[in-house]
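Containing mmCIF, C-alpha atoms: data.cif.
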```cif
data_work
#
loop_
_atom_site.label_atom_id
_atom_site.label_comp_id
_atom_site.auth_asym_id
_atom_site.auth_seq_id
_atom_site.Cartn_x
_atom_site.Cartn_y
_atom_site.Cartn_z
CA MET A 1 -17.59 -49.58 -69.44
CA ARG A 2 -19.96 -52.54 -69.25
CA ARG A 3 -19.67 -52.45 -65.45
CA VAL A 4 -20.34 -48.68 -65.29
CA LYS A 5 -23.45 -48.97 -67.47
CA PHE A 6 -24.73 -51.83 -65.31
CA ILE A 7 -24.21 -49.91 -62.08
CA LEU A 8 -25.86 -46.76 -63.44
CA ALA A 9 -28.85 -48.74 -64.66
CA LEU A 10 -29.16 -50.53 -61.36
CA GLN A 11 -28.92 -47.30 -59.40
CA LEU A 12 -31.64 -45.74 -61.54
CA THR A 13 -33.87 -48.73 -60.92
CA ILE A 14 -33.34 -48.43 -57.19
CA LEU A 15 -34.07 -44.70 -57.19
CA VAL A 16 -37.29 -45.23 -59.10
CA ALA A 17 -38.39 -48.01 -56.79
CA SER A 18 -39.94 -47.28 -53.44
CA GLY A 19 -36.82 -48.23 -51.54
CA PHE A 20 -35.93 -51.10 -49.26
CA THR A 21 -37.12 -51.98 -45.80
CA ALA A 22 -35.95 -55.17 -44.17
CA CYS A 23 -36.82 -54.26 -40.58
CA THR A 24 -39.84 -52.58 -39.09
CA ASP A 25 -39.89 -48.77 -39.15
CA TYR A 26 -40.76 -46.97 -35.94
CA ASP A 27 -42.09 -43.53 -36.81
CA ASP A 28 -43.25 -42.35 -33.42
CA ASN A 29 -40.64 -39.60 -33.25
CA PRO A 30 -42.28 -36.23 -33.94
CA ALA A 31 -39.05 -35.03 -35.55
CA ASP A 32 -39.71 -37.39 -38.48
CA SER A 33 -41.15 -35.67 -41.51
CA GLN A 34 -41.42 -38.95 -43.40
CA SER A 35 -40.14 -42.51 -43.27
CA TYR A 36 -36.73 -43.18 -44.77
CA ALA A 37 -37.23 -45.07 -48.03
CA GLY A 38 -33.78 -45.17 -49.59
CA VAL A 39 -31.25 -47.97 -49.95
CA PRO A 40 -29.84 -49.38 -46.70
CA LEU A 41 -27.29 -47.11 -45.02
CA ILE A 42 -24.70 -49.43 -43.49
CA ILE A 43 -22.13 -49.07 -40.73
CA LEU A 44 -19.89 -52.14 -40.52
CA ASP A 45 -18.57 -53.07 -37.06
CA THR A 46 -15.89 -55.74 -37.50
CA ASP A 47 -13.17 -57.61 -35.60
CA ILE A 48 -11.04 -57.79 -38.75
CA GLY A 49 -7.58 -59.25 -38.20
CA SER A 50 -8.55 -62.69 -36.95
CA SER A 51 -11.21 -64.45 -39.04
CA THR A 52 -11.47 -64.39 -42.80
CA ASP A 53 -15.25 -64.14 -43.04
CA ASP A 54 -14.81 -60.48 -42.02
CA LEU A 55 -12.79 -59.97 -45.22
CA PHE A 56 -15.49 -61.52 -47.38
CA ALA A 57 -18.12 -59.45 -45.57
CA MET A 58 -16.22 -56.25 -46.39
CA GLN A 59 -15.72 -57.31 -49.99
CA MET A 60 -19.43 -58.05 -50.42
CA LEU A 61 -20.48 -54.74 -48.84
CA HIS A 62 -18.20 -52.86 -51.24
CA ARG A 63 -19.78 -54.73 -54.13
CA TYR A 64 -23.29 -53.92 -52.91
CA HIS A 65 -22.22 -50.29 -52.51
CA ASP A 66 -20.88 -50.14 -56.08
CA GLU A 67 -24.11 -51.61 -57.42
CA GLY A 68 -26.19 -49.00 -55.59
CA ARG A 69 -27.85 -51.60 -53.38
CA CYS A 70 -26.61 -49.98 -50.17
CA ARG A 71 -24.48 -47.03 -49.06
CA LEU A 72 -21.58 -47.93 -46.83
CA LEU A 73 -21.07 -45.10 -44.34
CA GLY A 74 -17.96 -46.28 -42.51
CA THR A 75 -16.12 -49.04 -40.70
CA VAL A 76 -15.77 -49.50 -36.96
CA VAL A 77 -12.93 -51.85 -35.97
CA ASN A 78 -13.72 -53.57 -32.67
CA ARG A 79 -10.48 -55.53 -32.27
CA GLU A 80 -7.73 -53.52 -30.60
CA GLY A 81 -4.60 -52.62 -32.53
CA GLU A 82 -3.69 -50.20 -35.28
CA ASP A 83 -2.71 -53.17 -37.48
CA CYS A 84 -6.38 -54.16 -37.52
CA ALA A 85 -7.37 -50.66 -38.62
CA ALA A 86 -4.68 -50.88 -41.31
CA CYS A 87 -6.25 -54.11 -42.59
CA ALA A 88 -9.57 -52.29 -42.91
CA ASP A 89 -7.79 -49.46 -44.74
CA VAL A 90 -6.24 -51.97 -47.18
CA MET A 91 -9.65 -53.46 -47.92
CA ASN A 92 -11.39 -50.09 -48.35
CA THR A 93 -8.63 -48.77 -50.58
CA TYR A 94 -8.35 -51.93 -52.69
CA PHE A 95 -12.07 -51.81 -53.42
CA HIS A 96 -11.88 -48.09 -54.35
CA HIS A 97 -13.54 -46.65 -51.23
CA GLY A 98 -10.51 -45.45 -49.32
CA ASP A 99 -12.39 -42.30 -48.35
CA LEU A 100 -14.68 -44.24 -46.00
CA PRO A 101 -14.00 -43.28 -42.36
CA ILE A 102 -12.59 -45.81 -39.92
CA GLY A 103 -12.92 -45.84 -36.15
CA LEU A 104 -11.05 -48.17 -33.81
CA ILE A 105 -11.39 -49.50 -30.29
CA ARG A 106 -8.86 -48.37 -27.68
CA ASN A 107 -10.46 -49.62 -24.48
CA GLY A 108 -11.94 -52.90 -25.57
CA ILE A 109 -11.19 -56.58 -25.12
CA LYS A 110 -7.57 -57.18 -24.21
CA THR A 111 -5.63 -59.88 -26.07
CA PRO A 112 -8.58 -61.90 -27.41
CA LYS A 113 -7.87 -65.11 -29.26
CA VAL A 114 -6.60 -64.63 -32.82
CA TRP A 115 -7.84 -67.42 -35.05
CA ILE A 116 -5.99 -66.49 -38.24
CA ASP A 117 -3.26 -63.92 -37.65
CA TYR A 118 -3.14 -61.90 -40.87
CA GLN A 119 -2.57 -58.52 -39.23
CA ASN A 120 0.68 -58.17 -41.20
CA LEU A 121 -1.28 -58.05 -44.47
CA PRO A 122 -0.80 -54.26 -44.87
CA ASN A 123 2.98 -54.81 -44.92
CA HIS A 124 3.07 -57.30 -47.81
CA THR A 125 5.44 -56.23 -50.58
CA LEU A 126 6.03 -56.88 -54.25
CA ALA A 127 9.23 -58.40 -55.60
CA ASP A 128 10.84 -54.95 -55.83
CA GLY A 129 10.08 -54.21 -52.20
CA SER A 130 7.27 -51.74 -52.87
CA PRO A 131 3.96 -52.10 -51.02
CA MET A 132 1.64 -54.68 -52.53
CA PHE A 133 -1.46 -52.85 -51.32
CA ALA A 134 -2.11 -49.14 -51.31
CA ARG A 135 -3.50 -47.51 -48.21
CA THR A 136 -5.37 -44.23 -47.89
CA LEU A 137 -4.50 -43.42 -44.29
CA SER A 138 -1.08 -42.86 -42.78
CA ASP A 139 -1.75 -42.04 -39.12
CA TYR A 140 -3.97 -44.62 -37.46
CA ALA A 141 -3.26 -43.16 -34.03
CA SER A 142 -5.37 -40.14 -35.01
CA LEU A 143 -8.45 -42.18 -35.86
CA PRO A 144 -11.50 -41.60 -33.68
CA ASP A 145 -12.67 -44.17 -31.19
CA GLY A 146 -15.33 -46.43 -32.67
CA TRP A 147 -18.09 -45.02 -30.47
CA GLN A 148 -17.16 -41.49 -31.55
CA LEU A 149 -17.36 -42.43 -35.22
CA TYR A 150 -20.75 -43.99 -34.54
CA ARG A 151 -21.98 -40.73 -33.04
CA ARG A 152 -20.71 -38.66 -35.96
CA LEU A 153 -22.15 -40.94 -38.62
CA LEU A 154 -25.50 -41.49 -36.92
CA ALA A 155 -26.07 -37.80 -36.19
CA ALA A 156 -25.76 -36.99 -39.90
CA GLN A 157 -28.32 -39.54 -41.13
CA PRO A 158 -32.13 -39.43 -41.50
CA ASN A 159 -34.17 -40.87 -38.66
CA HIS A 160 -34.62 -44.65 -38.62
CA SER A 161 -32.34 -45.08 -41.62
CA VAL A 162 -29.10 -46.80 -40.52
CA SER A 163 -28.49 -50.53 -40.45
CA ILE A 164 -25.58 -51.59 -38.26
CA VAL A 165 -23.84 -54.84 -39.23
CA SER A 166 -21.93 -56.12 -36.18
CA ILE A 167 -19.63 -59.05 -36.96
CA GLY A 168 -17.36 -59.24 -33.97
CA PHE A 169 -17.11 -57.93 -30.45
CA VAL A 170 -19.76 -55.49 -29.24
CA CYS A 171 -17.47 -53.20 -27.24
CA CYS A 172 -17.88 -50.18 -29.54
CA LEU A 173 -21.65 -50.58 -29.54
CA ALA A 174 -21.68 -50.76 -25.74
CA GLN A 175 -19.54 -47.63 -25.52
CA LEU A 176 -21.86 -45.85 -27.98
CA LEU A 177 -24.83 -46.67 -25.75
CA GLU A 178 -22.99 -45.37 -22.69
CA SER A 179 -22.05 -42.12 -24.43
CA GLU A 180 -23.51 -38.78 -23.42
CA ALA A 181 -24.63 -35.75 -25.40
CA ASP A 182 -21.72 -33.88 -26.99
CA GLU A 183 -20.86 -31.53 -29.84
CA LEU A 184 -21.79 -34.23 -32.35
CA SER A 185 -25.34 -34.71 -31.09
CA PRO A 186 -27.48 -33.42 -28.22
CA LEU A 187 -28.75 -36.98 -27.76
CA ASP A 188 -27.24 -39.56 -25.45
CA GLY A 189 -26.31 -42.98 -26.82
CA PRO A 190 -29.59 -44.87 -26.38
CA GLU A 191 -31.65 -41.96 -27.72
CA LEU A 192 -29.31 -41.48 -30.70
CA VAL A 193 -29.68 -45.17 -31.55
CA ARG A 194 -33.44 -45.07 -31.06
CA GLN A 195 -33.77 -42.10 -33.37
CA LYS A 196 -31.32 -43.02 -36.13
CA VAL A 197 -30.93 -46.81 -36.29
CA LYS A 198 -33.35 -48.96 -38.22
CA CYS A 199 -31.96 -52.39 -37.38
CA LEU A 200 -28.94 -54.10 -35.84
CA TYR A 201 -27.75 -57.21 -37.70
CA ILE A 202 -25.43 -59.01 -35.34
CA MET A 203 -23.33 -62.12 -35.83
CA GLY A 204 -23.83 -63.66 -32.43
CA GLY A 205 -26.14 -65.61 -30.21
CA VAL A 206 -26.85 -69.29 -29.77
CA PHE A 207 -30.45 -70.45 -30.09
CA GLY A 208 -32.58 -73.47 -30.91
CA ASP A 209 -31.12 -76.90 -30.23
CA ALA A 210 -27.68 -75.42 -29.49
CA VAL A 211 -28.98 -73.07 -26.81
CA GLU A 212 -26.67 -74.29 -24.02
CA LYS A 213 -23.52 -73.33 -25.92
CA LYS A 214 -21.69 -70.18 -24.96
CA GLU A 215 -21.64 -67.32 -27.46
CA TYR A 216 -17.98 -66.69 -28.33
CA ASN A 217 -18.12 -62.99 -29.26
CA PHE A 218 -20.16 -62.15 -26.15
CA LEU A 219 -18.09 -64.36 -23.84
CA GLN A 220 -14.88 -62.52 -24.73
CA GLY A 221 -16.32 -59.33 -23.26
CA ILE A 222 -19.39 -60.28 -21.26
CA GLY A 223 -19.63 -56.85 -19.63
CA PHE A 224 -19.85 -55.17 -23.02
CA ALA A 225 -22.48 -57.67 -24.17
CA GLN A 226 -24.65 -57.17 -21.11
CA THR A 227 -24.38 -53.40 -21.49
CA LEU A 228 -25.53 -53.73 -25.10
CA PHE A 229 -28.65 -55.70 -24.22
CA ARG A 230 -29.42 -53.59 -21.16
CA LEU A 231 -29.26 -50.24 -22.97
CA TRP A 232 -30.34 -51.11 -26.52
CA PRO A 233 -33.70 -49.38 -27.20
CA SER A 234 -36.59 -51.82 -27.34
CA GLU A 235 -38.03 -49.96 -30.34
CA VAL A 236 -35.08 -50.87 -32.57
CA ASP A 237 -35.00 -54.31 -34.17
CA ILE A 238 -32.15 -56.81 -33.81
CA ILE A 239 -31.66 -59.76 -36.15
CA PHE A 240 -29.12 -62.33 -34.96
CA THR A 241 -26.93 -64.54 -37.13
CA PRO A 242 -26.14 -67.37 -34.69
CA GLY A 243 -23.21 -69.65 -35.37
CA GLU A 244 -25.50 -72.52 -36.28
CA ALA A 245 -26.96 -70.53 -39.20
CA GLY A 246 -23.61 -70.50 -40.99
CA ASP A 247 -22.13 -73.79 -39.83
CA GLY A 248 -23.01 -75.46 -43.14
CA ILE A 249 -21.40 -72.80 -45.35
CA ALA A 250 -17.73 -73.67 -45.74
CA TYR A 251 -15.57 -71.83 -48.32
CA THR A 252 -12.40 -73.92 -48.48
CA PRO A 253 -8.92 -72.41 -48.95
CA GLU A 254 -8.57 -74.31 -52.22
CA GLN A 255 -11.79 -72.78 -53.54
CA VAL A 256 -10.81 -69.27 -52.44
CA ILE A 257 -7.43 -69.39 -54.17
CA ALA A 258 -8.88 -70.93 -57.33
CA ASP A 259 -11.69 -68.38 -57.56
CA VAL A 260 -9.24 -65.46 -57.74
CA ASP A 261 -7.34 -66.87 -60.70
CA TRP A 262 -6.31 -63.61 -62.42
CA THR A 263 -3.85 -62.33 -59.81
CA ASP A 264 -2.01 -63.14 -56.60
CA ASN A 265 -2.07 -59.49 -55.52
CA HIS A 266 -5.52 -59.61 -53.99
CA PRO A 267 -5.81 -59.04 -50.22
CA ILE A 268 -8.05 -62.02 -49.51
CA LYS A 269 -6.01 -64.33 -51.74
CA GLN A 270 -2.82 -63.15 -50.03
CA VAL A 271 -4.28 -64.11 -46.67
CA TYR A 272 -5.11 -67.57 -47.93
CA MET A 273 -1.71 -67.98 -49.60
CA ASN A 274 0.39 -66.85 -46.66
CA TYR A 275 -1.45 -67.68 -43.43
CA GLU A 276 -2.88 -70.84 -41.94
CA CYS A 277 -6.51 -70.58 -43.06
CA ASP A 278 -7.56 -74.22 -42.91
CA THR A 279 -9.20 -73.70 -39.54
CA GLY A 280 -12.74 -74.71 -40.39
CA GLN A 281 -13.67 -71.10 -41.18
CA LYS A 282 -17.35 -70.78 -42.07
CA MET A 283 -19.09 -67.85 -43.74
CA TRP A 284 -21.01 -66.71 -40.66
CA ASP A 285 -20.47 -62.97 -41.06
CA LEU A 286 -21.71 -62.92 -44.64
CA LEU A 287 -25.22 -63.88 -43.52
CA ALA A 288 -25.57 -60.69 -41.48
CA VAL A 289 -24.42 -58.63 -44.48
CA ILE A 290 -26.75 -60.36 -46.93
CA ASN A 291 -29.71 -59.99 -44.58
CA ALA A 292 -28.99 -56.29 -44.04
CA VAL A 293 -28.87 -55.50 -47.76
CA GLU A 294 -31.08 -58.07 -49.48
CA GLY A 295 -33.75 -58.38 -46.81
CA ASP A 296 -35.52 -61.06 -44.83
CA SER A 297 -37.00 -63.07 -47.71
CA LEU A 298 -33.83 -65.15 -48.19
CA PHE A 299 -33.92 -66.34 -44.58
CA THR A 300 -36.07 -68.34 -42.22
CA LEU A 301 -36.39 -66.16 -39.15
CA SER A 302 -37.66 -67.01 -35.70
CA GLU A 303 -40.75 -65.49 -34.17
CA ARG A 304 -40.29 -62.19 -32.39
CA GLY A 305 -39.02 -62.07 -28.84
CA THR A 306 -36.49 -60.56 -26.48
CA VAL A 307 -32.91 -61.65 -25.81
CA SER A 308 -30.81 -61.39 -22.66
CA VAL A 309 -27.27 -62.59 -21.97
CA THR A 310 -26.27 -64.46 -18.82
CA ASP A 311 -22.96 -64.08 -16.99
CA ASP A 312 -21.85 -67.26 -18.79
CA ALA A 313 -22.68 -65.77 -22.21
CA GLU A 314 -25.76 -67.87 -22.83
CA THR A 315 -28.27 -66.00 -24.98
CA VAL A 316 -31.79 -66.41 -23.60
CA PHE A 317 -34.60 -65.89 -26.12
CA THR A 318 -38.09 -65.24 -24.77
CA ALA A 319 -40.86 -65.26 -27.36
CA SER A 320 -43.05 -62.14 -27.43
CA PRO A 321 -45.12 -60.67 -30.27
CA THR A 322 -43.91 -57.20 -29.28
CA GLY A 323 -40.26 -58.18 -28.96
CA ASN A 324 -37.62 -56.53 -31.12
CA CYS A 325 -35.42 -59.62 -31.62
CA ARG A 326 -35.41 -62.38 -34.21
CA TYR A 327 -32.74 -64.86 -35.24
CA GLN A 328 -31.84 -66.65 -38.45
CA LYS A 329 -32.48 -70.38 -38.51
CA PRO A 330 -30.15 -72.85 -40.27
CA GLY A 331 -31.01 -73.72 -43.84
CA ASP A 332 -30.82 -77.04 -45.64
CA ALA A 333 -28.01 -78.16 -47.94
CA THR A 334 -29.55 -76.44 -50.96
CA TRP A 335 -29.82 -73.13 -49.11
CA ASN A 336 -26.26 -73.42 -47.81
CA ALA A 337 -24.98 -74.05 -51.34
CA ALA A 338 -26.87 -71.03 -52.68
CA MET A 339 -25.44 -68.77 -49.99
CA LEU A 340 -21.92 -70.04 -50.63
CA GLU A 341 -22.36 -69.37 -54.33
CA ARG A 342 -23.30 -65.76 -53.52
CA VAL A 343 -19.96 -65.35 -51.77
CA ARG A 344 -17.97 -67.17 -54.43
CA SER A 345 -19.51 -65.23 -57.31
CA VAL A 346 -18.43 -61.93 -55.77
CA ASN A 347 -14.95 -63.24 -55.05
CA ARG A 348 -14.56 -64.51 -58.63
CA LEU A 349 -15.53 -61.27 -60.33
CA TYR A 350 -15.14 -58.26 -58.06
CA SER A 351 -12.08 -56.18 -59.01
CA ARG A 352 -11.25 -58.51 -61.88
CA PRO A 353 -9.75 -56.33 -64.63
CA ASP A 354 -12.27 -57.39 -67.29
CA TYR A 355 -15.32 -57.09 -65.02
#
```

Produce structure tokens that represent the structure in this file.
Amino acid sequence: MRRVKFILALQLTILVASGFTACTDYDDNPADSQSYAGVPLIILDTDIGSSTDDLFAMQMLHRYHDEGRCRLLGTVVNREGEDCAACADVMNTYFHHGDLPIGLIRNGIKTPKVWIDYQNLPNHTLADGSPMFARTLSDYASLPDGWQLYRRLLAAQPNHSVSIVSIGFVCCLAQLLESEADELSPLDGPELVRQKVKCLYIMGGVFGDAVEKKEYNFLQGIGFAQTLFRLWPSEVDIIFTPGEAGDGIAYTPEQVIADVDWTDNHPIKQVYMNYECDTGQKMWDLLAVINAVEGDSLFTLSERGTVSVTDDAETVFTASPTGNCRYQKPGDATWNAAMLERVRSVNRLYSRPDY
């Protein structure tokens, strides 16, 4: 009851307030009657099934959604395999949003590296052999392609209202941009994005002193990455979370397991109890989520500019006051600790029976 009262009060506060805008609005479309001023509308695009920061990103988005600080529209899974979609289903169902739609990639990156192979998580069982985690869906083969789900979700939203959080491969985004008008929308991909998307928050890119490093997510599917940057509308902002921004935020396996001390039957805790997670996993993906929901004030962002991607997956930033791209800069030790505490506090409390 305490949690329900808190959420209702918070939602009322948000409705009374003028709304949230983290990225610049572009209101040059004559179809706009007014600027969107509600809470962030989020589509999560994740390569769940390999890295654990995707799990924490999903958990935090569900928490934000429950508190009325954003509205999660759906999940696009950009790593091939129905087991990955099943992992997303487990997470959505565990956090009481099993009705959220899921799209998956069918023609994406073939056999990419799996850092932490927890794709069997949906099949974990209790001592009596029953499923440990409920799932809402039963036929993952019938799920729409990720780009199709994008088109359906975007077409139904107000203009310049959707924030996309991309924390993996960009194959579904590239396919969205290559899509043509259909029964879902009379707009092709670039025009649909230009009209409906407010900002893309993307975990990717290498900038600053580390500029000569290759960007892992882009390198895995360089053709998809180059399509993204070639077709993405210049009117729509992009904020990058480069690897160096999260390199100082390490959530150790020991901390994760200790923070969920009321049960073992928690999907993230199960991953850390049963799979090799001591891989140096940092909380990169969480920074894109936090930026999308809480805004720019928590971050030190670069000046504006444009970004292109070379054939070797180097991200080239060119400063320009009219550019649509910015990137997060690394914080100091105090900032890193504060960001880690944001993640840990959600993991300690969310879905705890007495919360």

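Excluding region 123-126 of chain A itself and same-chain residues fewer than 5 positions from it, the residues having an atom within 9 Å of it are Pro131, Met132, Phe133, Asn265 and Gln270 of chain A, counting only C-alpha atoms.
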
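You will find CA of Ile249 (chain A) at 7.1 Å from CA of Ala337 (chain A).
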
Taking all atoms of region 83-102 of chain A that the file lists and extending 4 Å past them on each side, where is the centre of the axis-aligned box and how long are its edges? Answer in Å to one decimal, as AutoDock Vina command-line options.
```
--center_x -8.7 --center_y -48.2 --center_z -45.9 --size_x 20.0 --size_y 19.9 --size_z 24.9
```

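Evaluating the PyMOL selection byres ((chain A and resi 44) around 8) against the shown model yields Ile42, Ile43, Asp45, Thr46, Leu72, Gly74, Thr75, Val76, Ile164, Val165, Ser166 and Ile167 of chain A.
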
> How many Å separate CA of Tyr355 (chain A) from CA of Met273 (chain A)?
Replying inline: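 Value for the CA of Tyr355 (chain A)-CA of Met273 (chain A) distance: 23.3 Å.
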
> Closest to Tyr327 (chain A) among A:Asn120, A:Asp247, A:Gly208, A:Leu349, using all atoms listed in the file?
Replying inline: A:Gly208

> Which one of A:Ala225, A:Ala141, A:Cys277, A:Ile239 sits closest to Gly323 (chain A) if you count only C-alpha atoms?
Replying inline: A:Ile239

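We find CA of Pro158 (chain A) and CA of Val193 (chain A) to be spaced 11.7 Å apart.
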
> Using all atoms listed in the file, which of A:Val90, A:Ser320, A:Tyr350, A:Val39 sits nearest Arg69 (chain A)?
Replying inline: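 Distance minimum relative to Arg69 (chain A) lands on A:Val39.
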
>> Between A:Pro122, A:Pro353, A:Pro233, A:Gly204, which residue has the minimum interatomic distance to Pro190 (chain A), considering all atoms listed in the file?
In response: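 Nearest to Pro190 (chain A): A:Pro233.
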
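Comparing A:Cys87, A:Val260, A:Leu73, A:Ile116 by their smallest distance to Ala134 (chain A), the closest is A:Cys87 (using all atoms listed in the file).
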
>> With distances taken over only C-alpha atoms, which residue among A:Leu298, A:Leu61, A:Tyr118, A:Gly38 lies nearest Val271 (chain A)?
In response: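 The answer is A:Tyr118, which sits nearest to Val271 (chain A).
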
>> Assuming the chain letters and numbering stay as they are in my file, what does the PyMOL selection byres ((chain A and resi 189) around 6) actually select? List them as a list in words.
In response: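 Residues picked by the PyMOL selection byres ((chain A and resi 189) around 6): Leu176, Leu177, Glu178, Ser179, Asp188, Pro190, Glu191 and Leu192 of chain A.
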
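When the PyMOL selection byres ((chain A and resi 268) around 8) is evaluated against the file, it yields Thr52, Leu55, Phe56, His266, Pro267, Lys269, Gln270, Val271 and Tyr272 of chain A.
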
> Neighbours of Ile109 (chain A) within 10 Å (all atoms listed in the file; same-chain residues fewer than 6 positions away dropped), as a ChimeraX atom specification?
Replying inline: /A:78-80,169-171,220-222,224

Would you mind exporting the chosen residues as a short mmCIF file (atom, residue, chain, number, x, y, z; two decimals), in the frame of the given file, restricted to C-alpha atoms?
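Ended up saving to part_13.cif:
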```
data_model
loop_
_atom_site.label_atom_id
_atom_site.label_comp_id
_atom_site.auth_asym_id
_atom_site.auth_seq_id
_atom_site.Cartn_x
_atom_site.Cartn_y
_atom_site.Cartn_z
CA ASN A 78 -13.72 -53.57 -32.67
CA ARG A 79 -10.48 -55.53 -32.27
CA GLU A 80 -7.73 -53.52 -30.60
CA PHE A 169 -17.11 -57.93 -30.45
CA VAL A 170 -19.76 -55.49 -29.24
CA CYS A 171 -17.47 -53.20 -27.24
CA GLN A 220 -14.88 -62.52 -24.73
CA GLY A 221 -16.32 -59.33 -23.26
CA ILE A 222 -19.39 -60.28 -21.26
CA PHE A 224 -19.85 -55.17 -23.02
#
```

>> Excluding Asp182 (chain A) and its own-chain neighbours fewer than 4 positions away, which residues fall within 10 Å of it when counting all atoms listed in the file? Please give them as a PyMOL selection string.
In response: chain A and resi 148+151+186-188

Residues of the last selection are to be written out with C-alpha atoms, as a PDB file, in the frame of the given file.
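Saved to result38.pdb:
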```
ATOM      1  CA  GLN A 148     -17.160 -41.490 -31.550  1.00  0.00           C
ATOM      2  CA  ARG A 151     -21.980 -40.730 -33.040  1.00  0.00           C
ATOM      3  CA  PRO A 186     -27.480 -33.420 -28.220  1.00  0.00           C
ATOM      4  CA  LEU A 187     -28.750 -36.980 -27.760  1.00  0.00           C
ATOM      5  CA  ASP A 188     -27.240 -39.560 -25.450  1.00  0.00           C
TER       6      ASP A 188
END
```

What lies within 7 Å of Arg348 (chain A) using only C-alpha atoms, ignoring chain neighbours under 3 positions off, as a PDB file with C-alpha atoms, keeping the file's coordinate frame?
```
ATOM      1  CA  ASP A 259     -11.690 -68.380 -57.560  1.00  0.00           C
ATOM      2  CA  VAL A 260      -9.240 -65.460 -57.740  1.00  0.00           C
ATOM      3  CA  ARG A 344     -17.970 -67.170 -54.430  1.00  0.00           C
ATOM      4  CA  SER A 345     -19.510 -65.230 -57.310  1.00  0.00           C
TER       5      SER A 345
END
```

> Residues around (-25.0, -59.5, -35.8), cut-off 9 Å, counting all atoms listed in the file - what are they as a PyMOL selection string?
Replying inline: chain A and resi 164-168+200-205+238-242+285+287-289

Reconstruct N, CA and C atoms of region 69-82 of chain A from the incomplete input and present them as an mmCIF file, keeping the file's coordinate frame.
```cif
data_model
loop_
_atom_site.group_PDB
_atom_site.id
_atom_site.type_symbol
_atom_site.label_atom_id
_atom_site.label_comp_id
_atom_site.auth_asym_id
_atom_site.auth_seq_id
_atom_site.Cartn_x
_atom_site.Cartn_y
_atom_site.Cartn_z
ATOM 1 N N ARG A 69 -26.888 -50.853 -54.188
ATOM 2 C CA ARG A 69 -27.850 -51.600 -53.380
ATOM 3 C C ARG A 69 -27.770 -51.226 -51.902
ATOM 4 N N CYS A 70 -26.725 -50.532 -51.519
ATOM 5 C CA CYS A 70 -26.610 -49.980 -50.170
ATOM 6 C C CYS A 70 -25.631 -48.815 -50.252
ATOM 7 N N ARG A 71 -25.518 -48.053 -49.172
ATOM 8 C CA ARG A 71 -24.480 -47.030 -49.060
ATOM 9 C C ARG A 71 -23.711 -47.305 -47.790
ATOM 10 N N LEU A 72 -22.452 -47.624 -47.953
ATOM 11 C CA LEU A 72 -21.580 -47.930 -46.830
ATOM 12 C C LEU A 72 -21.077 -46.629 -46.242
ATOM 13 N N LEU A 73 -21.398 -46.377 -44.978
ATOM 14 C CA LEU A 73 -21.070 -45.100 -44.340
ATOM 15 C C LEU A 73 -19.693 -45.098 -43.702
ATOM 16 N N GLY A 74 -19.243 -46.227 -43.193
ATOM 17 C CA GLY A 74 -17.960 -46.280 -42.510
ATOM 18 C C GLY A 74 -17.737 -47.615 -41.853
ATOM 19 N N THR A 75 -16.526 -47.781 -41.328
ATOM 20 C CA THR A 75 -16.120 -49.040 -40.700
ATOM 21 C C THR A 75 -15.644 -48.785 -39.277
ATOM 22 N N VAL A 76 -16.215 -49.521 -38.350
ATOM 23 C CA VAL A 76 -15.770 -49.500 -36.960
ATOM 24 C C VAL A 76 -15.004 -50.800 -36.713
ATOM 25 N N VAL A 77 -13.762 -50.683 -36.248
ATOM 26 C CA VAL A 77 -12.930 -51.850 -35.970
ATOM 27 C C VAL A 77 -12.980 -52.123 -34.470
ATOM 28 N N ASN A 78 -13.518 -53.285 -34.097
ATOM 29 C CA ASN A 78 -13.720 -53.570 -32.670
ATOM 30 C C ASN A 78 -12.681 -54.496 -32.070
ATOM 31 N N ARG A 79 -11.616 -54.779 -32.804
ATOM 32 C CA ARG A 79 -10.480 -55.530 -32.270
ATOM 33 C C ARG A 79 -9.332 -54.550 -32.078
ATOM 34 N N GLU A 80 -8.757 -54.506 -30.889
ATOM 35 C CA GLU A 80 -7.730 -53.520 -30.600
ATOM 36 C C GLU A 80 -6.500 -53.708 -31.477
ATOM 37 N N GLY A 81 -5.846 -52.585 -31.776
ATOM 38 C CA GLY A 81 -4.600 -52.620 -32.530
ATOM 39 C C GLY A 81 -4.683 -51.847 -33.831
ATOM 40 N N GLU A 82 -3.689 -50.980 -34.050
ATOM 41 C CA GLU A 82 -3.690 -50.200 -35.280
ATOM 42 C C GLU A 82 -3.480 -51.080 -36.510
#
```
